[in-house]
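*Asks:* Sending over my_file37.cif (mmCIF, C-alpha atoms).
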data_data
loop_
_atom_site.label_atom_id
_atom_site.label_comp_id
_atom_site.auth_asym_id
_atom_site.auth_seq_id
_atom_site.Cartn_x
_atom_site.Cartn_y
_atom_site.Cartn_z
CA MET A 1 18.74 6.04 -17.37
CA LEU A 2 16.89 2.74 -17.18
CA SER A 3 13.34 3.02 -18.45
CA VAL A 4 10.52 1.39 -16.56
CA GLU A 5 9.84 -0.79 -19.61
CA ASP A 6 13.41 -2.09 -19.62
CA PHE A 7 13.24 -2.63 -15.93
CA ILE A 8 10.11 -4.75 -16.25
CA ASP A 9 11.59 -6.72 -19.14
CA ARG A 10 14.72 -7.46 -17.19
CA ASN A 11 13.15 -8.28 -13.86
CA SER A 12 9.74 -9.81 -14.33
CA ARG A 13 11.04 -13.35 -14.77
CA LEU A 14 13.08 -13.28 -11.59
CA LEU A 15 10.29 -11.56 -9.71
CA LEU A 16 7.83 -14.20 -10.85
CA ARG A 17 10.12 -17.00 -9.75
CA SER A 18 10.56 -15.32 -6.36
CA ALA A 19 6.83 -14.84 -6.04
CA TRP A 20 6.24 -18.48 -6.91
CA LEU A 21 8.51 -19.50 -4.04
CA LEU A 22 6.39 -17.33 -1.77
CA THR A 23 2.98 -18.46 -2.97
CA GLY A 24 3.45 -21.83 -4.64
CA ASN A 25 1.18 -21.01 -7.57
CA TRP A 26 1.37 -18.85 -10.67
CA ALA A 27 -1.93 -17.02 -10.22
CA SER A 28 -0.91 -15.54 -6.87
CA ALA A 29 2.66 -15.05 -8.05
CA GLU A 30 1.47 -13.02 -11.04
CA ASP A 31 -0.83 -11.00 -8.81
CA LEU A 32 2.02 -10.12 -6.52
CA VAL A 33 4.38 -9.19 -9.32
CA GLN A 34 1.78 -7.19 -11.22
CA THR A 35 0.93 -5.22 -8.11
CA SER A 36 4.58 -4.52 -7.40
CA LEU A 37 5.44 -3.55 -10.96
CA LEU A 38 2.38 -1.35 -11.18
CA GLN A 39 3.60 0.60 -8.17
CA SER A 40 7.01 0.93 -9.80
CA TRP A 41 5.38 2.17 -12.96
CA LEU A 42 3.35 4.76 -11.11
CA HIS A 43 6.27 5.98 -9.02
CA TRP A 44 9.06 5.52 -11.50
CA ASP A 45 10.10 9.14 -11.54
CA GLU A 46 10.65 8.98 -7.82
CA ILE A 47 12.41 5.65 -7.57
CA LYS A 48 14.50 5.40 -10.74
CA ALA A 49 17.33 7.44 -9.28
CA ASP A 50 17.40 5.07 -6.37
CA THR A 51 17.45 1.34 -6.83
CA PRO A 52 14.15 0.32 -8.37
CA ASP A 53 14.79 -3.37 -7.81
CA PHE A 54 15.06 -2.68 -4.12
CA TYR A 55 11.80 -0.74 -4.19
CA VAL A 56 9.99 -3.48 -6.09
CA ARG A 57 11.20 -6.23 -3.79
CA ARG A 58 10.05 -4.20 -0.85
CA VAL A 59 6.59 -3.64 -2.33
CA LEU A 60 6.35 -7.28 -3.29
CA MET A 61 7.24 -8.49 0.18
CA ASN A 62 4.95 -5.98 1.80
CA THR A 63 2.08 -7.00 -0.42
CA PHE A 64 2.78 -10.65 0.22
CA LEU A 65 2.99 -10.28 3.98
CA SER A 66 -0.02 -7.99 4.32
CA GLY A 67 -1.92 -10.36 2.06
CA GLN A 68 -1.04 -13.17 4.41
CA ARG A 69 -2.44 -11.15 7.27
CA ARG A 70 -5.63 -10.48 5.35
CA ARG A 71 -5.84 -13.99 4.01
CA TRP A 72 -6.59 -12.94 0.48
CA ASN A 73 -4.36 -15.77 -0.43
CA ARG A 74 -7.13 -18.23 0.06
CA GLU A 75 -7.97 -20.60 -2.71
CA ARG A 76 -9.68 -19.07 -5.65
CA PRO A 77 -11.33 -20.65 -8.66
CA THR A 78 -9.05 -21.11 -11.59
CA ALA A 79 -9.28 -22.65 -15.00
CA GLU A 80 -5.86 -24.14 -14.56
CA LEU A 81 -5.08 -27.25 -12.68
CA PRO A 82 -2.57 -26.95 -9.86
CA ASP A 83 1.07 -27.17 -10.76
CA ARG A 84 2.37 -30.69 -11.06
CA PRO A 85 5.31 -32.39 -12.66
CA GLY A 86 4.99 -32.07 -16.39
CA ALA A 87 7.28 -31.97 -19.36
CA ASP A 88 9.89 -29.90 -17.53
CA GLU A 89 13.38 -31.10 -17.11
CA LEU A 90 13.50 -33.89 -14.63
CA THR A 91 15.22 -32.19 -11.72
CA SER A 92 12.99 -29.14 -11.75
CA SER A 93 9.79 -31.13 -11.85
CA GLU A 94 11.04 -33.33 -9.06
CA LEU A 95 12.25 -30.49 -6.96
CA ARG A 96 9.29 -28.19 -7.37
CA PRO A 97 6.72 -30.02 -5.22
CA VAL A 98 9.34 -30.85 -2.62
CA ILE A 99 10.45 -27.24 -2.37
CA TRP A 100 6.94 -25.93 -2.12
CA ARG A 101 5.96 -28.48 0.51
CA ALA A 102 8.98 -27.41 2.53
CA LEU A 103 8.51 -23.66 2.09
CA SER A 104 4.77 -23.77 2.72
CA GLY A 105 5.53 -25.22 6.14
CA LEU A 106 7.30 -22.01 7.10
CA PRO A 107 5.51 -18.96 8.48
CA ALA A 108 5.17 -16.27 5.79
CA ARG A 109 7.87 -14.03 7.18
CA GLN A 110 10.41 -16.83 7.41
CA ARG A 111 9.56 -17.81 3.86
CA ALA A 112 10.16 -14.22 2.79
CA VAL A 113 13.55 -14.21 4.51
CA VAL A 114 14.50 -17.49 2.84
CA VAL A 115 13.54 -16.21 -0.61
CA LEU A 116 15.37 -12.92 -0.21
CA ARG A 117 18.49 -14.42 1.38
CA TYR A 118 18.91 -17.65 -0.53
CA PHE A 119 17.12 -17.11 -3.81
CA ASN A 120 17.62 -13.40 -4.42
CA ASP A 121 21.03 -13.71 -2.78
CA LEU A 122 20.63 -10.56 -0.72
CA SER A 123 22.81 -9.83 2.27
CA GLU A 124 21.31 -9.87 5.73
CA ALA A 125 21.26 -6.08 5.72
CA GLN A 126 19.53 -5.89 2.33
CA THR A 127 17.01 -8.49 3.44
CA ALA A 128 16.30 -6.46 6.55
CA GLN A 129 15.68 -3.38 4.41
CA ALA A 130 13.37 -5.24 2.07
CA LEU A 131 11.33 -6.49 5.00
CA ASP A 132 11.58 -3.30 7.00
CA CYS A 133 12.95 -5.12 10.02
CA SER A 134 16.25 -5.38 11.89
CA VAL A 135 19.24 -7.46 10.85
CA GLY A 136 18.82 -9.34 14.11
CA THR A 137 15.31 -10.33 13.08
CA VAL A 138 16.57 -11.53 9.71
CA LYS A 139 19.21 -13.63 11.42
CA SER A 140 16.81 -15.22 13.87
CA GLN A 141 14.13 -15.83 11.24
CA ALA A 142 16.69 -17.35 8.88
CA SER A 143 18.09 -19.66 11.51
CA ARG A 144 14.63 -20.78 12.55
CA ALA A 145 13.73 -21.40 8.93
CA LEU A 146 16.93 -23.36 8.33
CA ALA A 147 16.36 -25.47 11.41
CA LYS A 148 12.85 -26.25 10.25
CA LEU A 149 13.90 -27.05 6.69
CA ARG A 150 16.73 -29.20 7.89
CA SER A 151 14.29 -31.26 9.93
CA ILE A 152 12.27 -32.24 6.85
CA PRO A 153 13.62 -35.65 5.81
CA GLU A 154 12.55 -35.24 2.20
CA LEU A 155 14.46 -31.97 1.93
CA GLN A 156 17.39 -33.17 3.95
CA SER A 157 18.31 -35.78 1.39
CA LEU A 158 17.86 -33.31 -1.43
CA LEU A 159 20.07 -30.79 0.27
CA GLU A 160 22.77 -33.41 0.46
CA GLU A 161 22.34 -34.42 -3.17
CA VAL A 162 22.60 -30.86 -4.34
CA GLY A 163 25.61 -30.37 -2.13
CA HIS A 164 27.43 -33.39 -3.47
CA GLU A 165 26.84 -33.00 -7.13
CA MET B 166 26.95 -18.50 4.32
CA ASN B 167 27.55 -21.94 5.72
CA ASP B 168 27.25 -25.18 3.76
CA LEU B 169 23.62 -25.70 4.58
CA GLU B 170 22.76 -22.19 3.42
CA ARG B 171 24.69 -22.64 0.20
CA ARG B 172 22.92 -25.90 -0.51
CA LEU B 173 19.55 -24.39 0.19
CA SER B 174 20.43 -21.56 -2.16
CA ASP B 175 21.42 -24.05 -4.88
CA LEU B 176 18.25 -25.99 -4.31
CA LEU B 177 16.04 -22.91 -4.62
CA HIS B 178 17.80 -21.76 -7.77
CA ALA B 179 17.42 -25.21 -9.26
CA GLY B 180 13.89 -25.78 -8.10
CA ALA B 181 12.12 -22.45 -8.55
CA PRO B 182 10.17 -23.06 -11.74
CA GLU B 183 10.47 -20.90 -14.80
CA PRO B 184 7.34 -18.79 -15.25
CA GLU B 185 4.82 -20.04 -17.75
CA ARG B 186 4.58 -16.51 -19.06
CA THR B 187 6.33 -13.29 -18.27
CA ILE B 188 4.75 -10.00 -17.39
CA THR B 189 5.28 -7.40 -20.08
CA PRO B 190 5.67 -3.63 -19.79
CA GLY B 191 2.58 -3.24 -21.98
CA GLU B 192 0.52 -5.20 -19.51
CA ILE B 193 1.60 -2.96 -16.64
CA ALA B 194 1.01 0.14 -18.75
CA ARG B 195 -2.55 -0.98 -19.46
CA LEU B 196 -3.11 -1.67 -15.78
CA ALA B 197 -1.77 1.75 -14.94
CA GLN B 198 -4.04 3.48 -17.41
CA HIS B 199 -7.47 2.03 -17.48
CA ALA B 200 -7.65 -1.56 -16.39
CA PRO B 201 -10.16 -2.53 -13.73
CA MET B 202 -8.99 -2.58 -10.19
CA PRO B 203 -6.52 -5.24 -9.19
CA ARG B 204 -8.06 -8.17 -7.42
CA ARG B 205 -7.03 -6.67 -4.15
CA ARG B 206 -7.01 -3.18 -2.88
CA ILE B 207 -3.43 -2.53 -3.52
CA THR B 208 -2.92 0.18 -0.97
CA LYS B 209 -4.43 -1.66 1.96
CA SER B 210 -1.92 -2.27 4.74
CA TRP B 211 0.72 -0.91 2.51
CA GLY B 212 3.21 0.02 5.17
CA VAL B 213 6.29 1.78 3.94
CA PRO B 214 5.47 1.85 0.25
CA LEU B 215 2.36 3.62 1.31
CA LEU B 216 4.55 6.38 2.60
CA ALA B 217 6.47 6.27 -0.64
CA ALA B 218 3.20 6.65 -2.51
CA ALA B 219 2.25 9.47 -0.22
CA ALA B 220 5.58 11.11 -0.80
CA VAL B 221 5.00 10.91 -4.53
CA LEU B 222 1.61 12.46 -4.27
CA VAL B 223 2.86 15.09 -1.93
CA ALA B 224 5.63 15.87 -4.35
CA VAL B 225 3.25 15.95 -7.28
CA GLY B 226 0.56 17.75 -5.38
CA VAL B 227 2.20 21.11 -4.84
CA PRO B 228 0.67 23.53 -4.58
CA ALA B 229 -2.66 22.31 -3.34
CA VAL B 230 -5.44 24.01 -5.19
CA VAL B 231 -8.06 25.61 -3.06
CA ILE B 232 -11.37 24.63 -4.52
CA GLY B 233 -13.49 26.36 -1.94
CA HIS B 234 -13.74 30.08 -1.56
CA THR B 235 -10.41 31.75 -1.46
CA SER B 236 -9.63 34.00 1.38
CA ASN B 237 -6.55 34.97 3.26
CA SER B 238 -8.38 35.79 6.41
CA ALA B 239 -8.14 33.59 9.44
CA THR B 240 -11.59 32.18 8.87
CA PRO B 241 -11.80 28.85 7.14
CA THR B 242 -12.74 29.06 3.51
CA SER B 243 -14.38 25.69 3.49
CA HIS B 244 -17.87 25.34 4.74
CA SER B 245 -17.87 24.05 8.26
CA VAL B 246 -20.61 21.58 8.81
CA GLY B 247 -21.47 19.27 11.60
CA GLY B 248 -22.83 16.09 10.17
CA LEU B 249 -25.75 16.31 7.82
CA THR B 250 -27.19 19.50 9.16
CA PRO B 251 -25.01 22.51 8.70
CA ALA B 252 -24.06 23.73 12.13
CA PRO B 253 -23.15 27.34 12.75
CA THR B 254 -19.58 27.02 13.81
CA ALA B 255 -17.48 29.90 14.86
CA ALA B 256 -13.89 29.62 13.79
CA GLY B 257 -11.85 27.90 16.44
CA SER B 258 -14.71 26.42 18.37
CA PRO B 259 -16.03 23.18 16.99
CA SER B 260 -19.60 22.38 17.76
CA PRO B 261 -19.66 19.65 20.36
CA THR B 262 -22.87 18.20 19.00
CA GLY B 263 -22.55 14.53 18.26
CA SER B 264 -23.81 14.91 14.75
CA GLY B 265 -20.83 13.12 13.34
CA THR B 266 -21.31 9.96 15.31
CA SER B 267 -22.37 7.85 12.38
CA ARG B 268 -19.03 8.48 10.72
CA PRO B 269 -15.85 6.58 11.42
CA SER B 270 -14.68 8.16 14.62
CA PRO B 271 -11.40 9.87 13.99
CA THR B 272 -8.51 8.81 16.15
CA THR B 273 -7.94 10.88 19.20
CA SER B 274 -5.39 13.49 18.44
CA ILE B 275 -2.43 13.70 20.67
CA THR B 276 -0.43 16.84 20.90
CA ALA B 277 3.08 17.26 19.59
CA GLY B 278 4.99 18.92 22.36
CA ALA B 279 2.87 21.49 24.12
CA VAL B 280 0.85 22.30 21.04
CA ALA B 281 -2.92 21.99 21.10
CA THR B 282 -4.90 19.80 18.77
CA CYS B 283 -5.96 21.54 15.57
CA LEU B 284 -9.65 22.39 15.66
CA THR B 285 -11.82 22.28 12.58
CA GLY B 286 -12.38 26.01 12.70
CA GLN B 287 -8.65 26.66 12.46
CA LEU B 288 -8.26 24.68 9.29
CA ARG B 289 -8.81 25.11 5.61
CA LEU B 290 -9.35 22.07 3.44
CA ALA B 291 -8.06 21.87 -0.12
CA ALA B 292 -7.72 19.16 -2.75
CA GLY B 293 -4.61 18.64 -4.84
CA PRO B 294 -4.36 16.89 -8.19
CA THR B 295 -5.69 13.41 -8.71
CA ASN B 296 -3.58 10.54 -10.02
CA GLY B 297 -5.28 7.60 -11.61
CA ALA B 298 -4.17 4.00 -11.42
CA ALA B 299 -5.87 0.76 -12.30
CA GLY B 300 -9.37 1.56 -11.18
CA SER B 301 -8.29 3.82 -8.36
CA LEU B 302 -7.96 7.56 -8.13
CA TYR B 303 -5.51 8.90 -5.61
CA THR B 304 -6.01 12.45 -4.42
CA SER B 305 -3.91 14.39 -1.99
CA LEU B 306 -5.93 16.67 0.28
CA SER B 307 -4.54 19.11 2.77
CA PHE B 308 -5.42 20.97 5.91
CA THR B 309 -3.89 24.42 6.24
CA ASN B 310 -3.51 26.06 9.61
CA THR B 311 -5.15 29.41 8.99
CA THR B 312 -4.41 30.82 12.42
CA GLY B 313 -1.37 32.55 13.85
CA THR B 314 -0.62 29.80 16.38
CA SER B 315 0.69 26.28 15.98
CA CYS B 316 -1.50 23.26 16.43
CA SER B 317 -1.07 19.56 15.82
CA MET B 318 -3.02 16.59 14.53
CA ARG B 319 -2.49 12.90 14.26
CA GLY B 320 -4.33 10.00 12.68
CA PHE B 321 -7.10 9.59 10.18
CA PRO B 322 -9.50 12.18 8.90
CA GLY B 323 -13.11 10.99 8.57
CA VAL B 324 -14.01 11.22 4.90
CA SER B 325 -17.31 10.91 3.04
CA LEU B 326 -18.51 11.86 -0.40
CA LEU B 327 -21.75 13.78 -0.90
CA ASN B 328 -24.03 14.46 -3.80
CA ASP B 329 -25.36 17.83 -4.95
CA ALA B 330 -28.02 17.72 -2.26
CA GLY B 331 -25.41 17.25 0.44
CA VAL B 332 -26.45 13.67 1.08
CA ILE B 333 -23.73 11.14 1.75
CA VAL B 334 -23.02 8.80 -1.12
CA GLY B 335 -21.84 5.30 -0.36
CA GLN B 336 -19.80 4.38 2.68
CA PRO B 337 -17.32 6.58 4.54
CA ALA B 338 -13.68 5.96 3.72
CA THR B 339 -12.07 3.02 5.43
CA ARG B 340 -8.74 3.56 7.09
CA ASP B 341 -5.63 2.52 5.31
CA GLY B 342 -2.32 1.99 7.07
CA SER B 343 -1.22 3.20 10.47
CA ALA B 344 -2.15 6.34 12.35
CA GLY B 345 1.35 7.72 11.93
CA SER B 346 3.01 10.40 14.02
CA PRO B 347 1.63 13.71 15.22
CA VAL B 348 1.97 16.47 12.64
CA ARG B 349 2.70 19.95 13.91
CA LEU B 350 1.23 22.77 11.89
CA GLY B 351 2.77 26.20 12.31
CA PRO B 352 0.84 29.21 11.06
CA GLY B 353 0.11 28.73 7.36
CA GLN B 354 1.57 25.22 7.32
CA ARG B 355 -0.17 22.22 5.86
CA ALA B 356 -0.79 18.59 6.69
CA GLN B 357 -1.63 16.29 3.83
CA PHE B 358 -3.43 13.02 3.48
CA ILE B 359 -4.20 10.72 0.60
CA ILE B 360 -7.55 9.28 -0.28
CA ARG B 361 -8.07 6.45 -2.70
CA VAL B 362 -11.33 6.40 -4.56
CA GLY B 363 -12.03 3.05 -6.18
CA THR B 364 -13.84 3.61 -9.45
CA ALA B 365 -14.29 0.01 -10.45
CA THR B 366 -13.90 -3.43 -9.04
CA ARG B 367 -13.77 -6.76 -10.75
CA THR B 368 -16.69 -7.96 -8.77
CA GLY B 369 -19.63 -6.03 -7.50
CA CYS B 370 -19.46 -2.34 -8.21
CA THR B 371 -19.50 -1.59 -11.90
CA VAL B 372 -21.10 1.84 -11.83
CA PRO B 373 -19.31 4.29 -9.55
CA ARG B 374 -21.75 6.48 -7.68
CA PRO B 375 -21.37 10.11 -8.64
CA SER B 376 -20.62 12.69 -6.00
CA SER B 377 -19.90 16.39 -6.08
CA GLN B 378 -18.53 17.27 -2.66
CA ILE B 379 -16.22 15.80 -0.10
CA GLU B 380 -16.75 16.09 3.61
CA VAL B 381 -13.76 15.73 5.90
CA TYR B 382 -13.59 15.54 9.67
CA PRO B 383 -10.09 16.52 10.74
CA PRO B 384 -8.56 13.91 13.09
CA GLY B 385 -10.24 13.98 16.47
CA GLN B 386 -12.84 16.58 15.44
CA THR B 387 -16.61 16.38 15.40
CA VAL B 388 -17.11 19.17 12.91
CA ALA B 389 -16.37 18.61 9.25
CA LEU B 390 -15.15 20.71 6.35
CA ARG B 391 -16.66 20.46 2.90
CA ILE B 392 -15.29 21.38 -0.49
CA PRO B 393 -16.44 20.64 -4.03
CA PHE B 394 -15.06 17.32 -5.19
CA ALA B 395 -16.57 15.75 -8.27
CA THR B 396 -15.88 12.05 -8.64
CA GLY B 397 -17.50 8.68 -8.91
CA SER B 398 -16.84 6.10 -6.27
CA CYS B 399 -17.29 2.44 -5.54
CA ALA B 400 -15.24 2.45 -2.39
CA MET B 401 -12.92 4.82 -0.65
CA SER B 402 -10.03 4.64 1.79
CA VAL B 403 -8.04 7.28 3.59
CA GLN B 404 -4.52 7.40 4.93
CA SER B 405 -3.37 9.24 8.01
CA VAL B 406 -2.12 12.81 7.89
CA LEU B 407 1.49 13.60 7.06
CA ALA B 408 3.38 16.84 7.26
CA ALA B 409 3.33 18.60 3.88
CA LYS B 410 6.74 19.29 2.42
#
Show me the file's structure as structure tokens.

*Replies:*
Amino acid sequence: MLSVEDFIDRNSRLLLRSAWLLTGNWASAEDLVQTSLLQSWLHWDEIKADTPDFYVRRVLMNTFLSGQRRRWNRERPTAELPDRPGADELTSSELRPVIWRALSGLPARQRAVVVLRYFNDLSEAQTAQALDCSVGTVKSQASRALAKLRSIPELQSLLEEVGHE
Amino acid sequence: MNDLERRLSDLLHAGAPEPERTITPGEIARLAQHAPMPRRRITKSWGVPLLAAAAVLVAVGVPAVVIGHTSNSATPTSHSVGGLTPAPTAAGSPSPTGSGTSRPSPTTSITAGAVATCLTGQLRLAAGPTNGAAGSLYTSLSFTNTTGTSCSMRGFPGVSLLNDAGVIVGQPATRDGSAGSPVRLGPGQRAQFIIRVGTATRTGCTVPRPSSQIEVYPPGQTVALRIPFATGSCAMSVQSVLAAK
């Protein structure tokens, strides 16, 4: 049986990357992931028999979306400067601001659908479960998000580049 | 997936940055044990996981320990009080005095089927075990239907903490989550609800205020029940009632 420690070790990196796509900064991303993992830790005995990754994603999305409603996501003081291209590999540092600019233009729920569907590679049904909504809602949110993303010239060209490589 | 979706997927995989640091199990363990409260109230607007948390507490909380007097008679074992001044309340007939008006008004109960709303005098209040987490204490409390007939309740109890003198300490519990569905209580059956007592916050409250009793207005009632409940609180929230398993 997977221990909660192993689970955290295996999943925290992916969860953090997902949370970054949702929030666009590491402080909020870490907050989200910590909150979600803490719930998993507290309820491990109940969820381990099930699929803990499903549970964690669901908590993470719920926390993210309810946080959006409450606007806790407002700017907060930090010792770190905002993310910007640094010593990363070229493509990542180029892509990062473009991706965040594009995603931040989406309503929170559409962003959540995009992250679950196209970054976590969940099916429409799994995405619907994680967001506690219908498959129809996932479909409509995804198509709206895609239409919006497609209309961003900056992203359009990148989508083509990635597609042709 | 069509081409556009595949390309977007590739783009996200390529562009989502690697974390500057990972979150370790030890970090979560410390949070779970004694770290100060997370920057947000983690149970607020929790939705479904809230129910999961409730289910956990319900599962852990059996059997609820009766802290008040124990009695198998049909009279409530908790002290029935109406607001600050103890009101003489006969079992089954809540005092209609508006003494509870300064509290959060409980949601109006609606009946499940043809069953009447549970009245304070029909109920016994008990507290289950407390689970701690990151500056919060979660306690499952329950109402037991002490009468021979079914009744129902729905929504949020009104909850306050009191000191030895019976004076309310701090603010009443804020509501957390949705009002939920009506809960039908057959004779002897229980409805449970979870309260979260925040014992520390990163800003503001550093010294939880001590309290020794808890006062609970069942949903839709103007008469409260009290039982001993020793804790220290910075802030408190309450979830709606659920049927006890």

*Asks:* Carefully work through the PyMOL selection byres ((chain A) within 8 of (chain B)) for this structure and note down the residues it includes, as a VMD selection string.

*Replies:* chain A and resid 4 to 6 8 to 9 12 to 13 16 to 18 20 to 21 26 30 to 31 34 to 35 37 to 38 41 to 43 46 58 to 59 62 to 63 66 72 91 to 93 95 to 96 99 118 to 119 121 132 146 158 to 160 162 to 163

*Asks:* Expand the PyMOL selection byres ((chain A and resi 102) around 9) into the explicit residue set it covers here, and present it as a list in words.

*Replies:*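 Applied to this file, the PyMOL selection byres ((chain A and resi 102) around 9) returns Pro97, Val98, Ile99, Trp100, Arg101, Leu103, Ser104, Gly105, Leu106, Lys148, Leu149, Ile152, Glu154 and Leu155 of chain A.
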
*Asks:* Would you mind reading off the distance between atom CA of Val113 of chain A and atom CA of Trp44 of chain A, one decimal, in Å?

*Replies:*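 Computed distance, atom CA of Val113 of chain A to atom CA of Trp44 of chain A, equals 25.8 Å.
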
*Asks:* Quick check on the file I pasted: which residues fall under the PyMOL selection byres ((chain B and resi 398-401) around 6)? Write them as a ChimeraX atom specification.

*Replies:* /B:338,361-364,370,373-374,397,402

*Asks:* Enter the distance from atom CA of Val406 of chain B to atom CA of Gly323 of chain B, in Å, rounded to one decimal.

*Replies:*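 Result for atom CA of Val406 of chain B versus atom CA of Gly323 of chain B: 11.2 Å, one decimal.
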
*Asks:* I'd like the interatomic distance between atom CA of Thr295 of chain B and atom CA of Val324 of chain B, to a tenth of an Å.

*Replies:*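 Here the two named atoms are 16.1 Å from each other.
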
*Asks:* Nearest to Gln378 of chain B: which of B:Ala356, B:Gly331, B:Phe321, B:Gln287 is it, counting all atoms listed in the file?

*Replies:*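 Looking only at the distances to Gln378 of chain B, the closest residue turns out to be B:Gly331.
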
*Asks:* When you look at Arg109 of chain A with a cut-off of 9 Å (counting all atoms listed in the file), what residues show up, excluding the ones that are within fewer than 3 positions of it in the same chain? I need them as a short mmCIF file (atom, residue, chain, number, x, y, z; two decimals) with C-alpha atoms, in the frame of the given file.

*Replies:*
data_model
loop_
_atom_site.label_atom_id
_atom_site.label_comp_id
_atom_site.auth_asym_id
_atom_site.auth_seq_id
_atom_site.Cartn_x
_atom_site.Cartn_y
_atom_site.Cartn_z
CA MET A 61 7.24 -8.49 0.18
CA LEU A 65 2.99 -10.28 3.98
CA LEU A 106 7.30 -22.01 7.10
CA ALA A 112 10.16 -14.22 2.79
CA VAL A 113 13.55 -14.21 4.51
CA VAL A 114 14.50 -17.49 2.84
CA LEU A 131 11.33 -6.49 5.00
CA GLN A 141 14.13 -15.83 11.24
#

*Asks:* Please identify all polymer residues within 7 Å of Ser376 of chain B, counting only C-alpha atoms, omitting same-chain residues fewer than 5 positions from it, and present them as a PDB file with C-alpha atoms, keeping the file's coordinate frame.

*Replies:*
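The new file part21.pdb reads:
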ATOM      1  CA  LEU B 326     -18.510  11.860  -0.400  1.00  0.00           C
ATOM      2  CA  LEU B 327     -21.750  13.780  -0.900  1.00  0.00           C
ATOM      3  CA  ASN B 328     -24.030  14.460  -3.800  1.00  0.00           C
ATOM      4  CA  VAL B 334     -23.020   8.800  -1.120  1.00  0.00           C
ATOM      5  CA  ALA B 395     -16.570  15.750  -8.270  1.00  0.00           C
ATOM      6  CA  THR B 396     -15.880  12.050  -8.640  1.00  0.00           C
ATOM      7  CA  GLY B 397     -17.500   8.680  -8.910  1.00  0.00           C
TER       8      GLY B 397
END
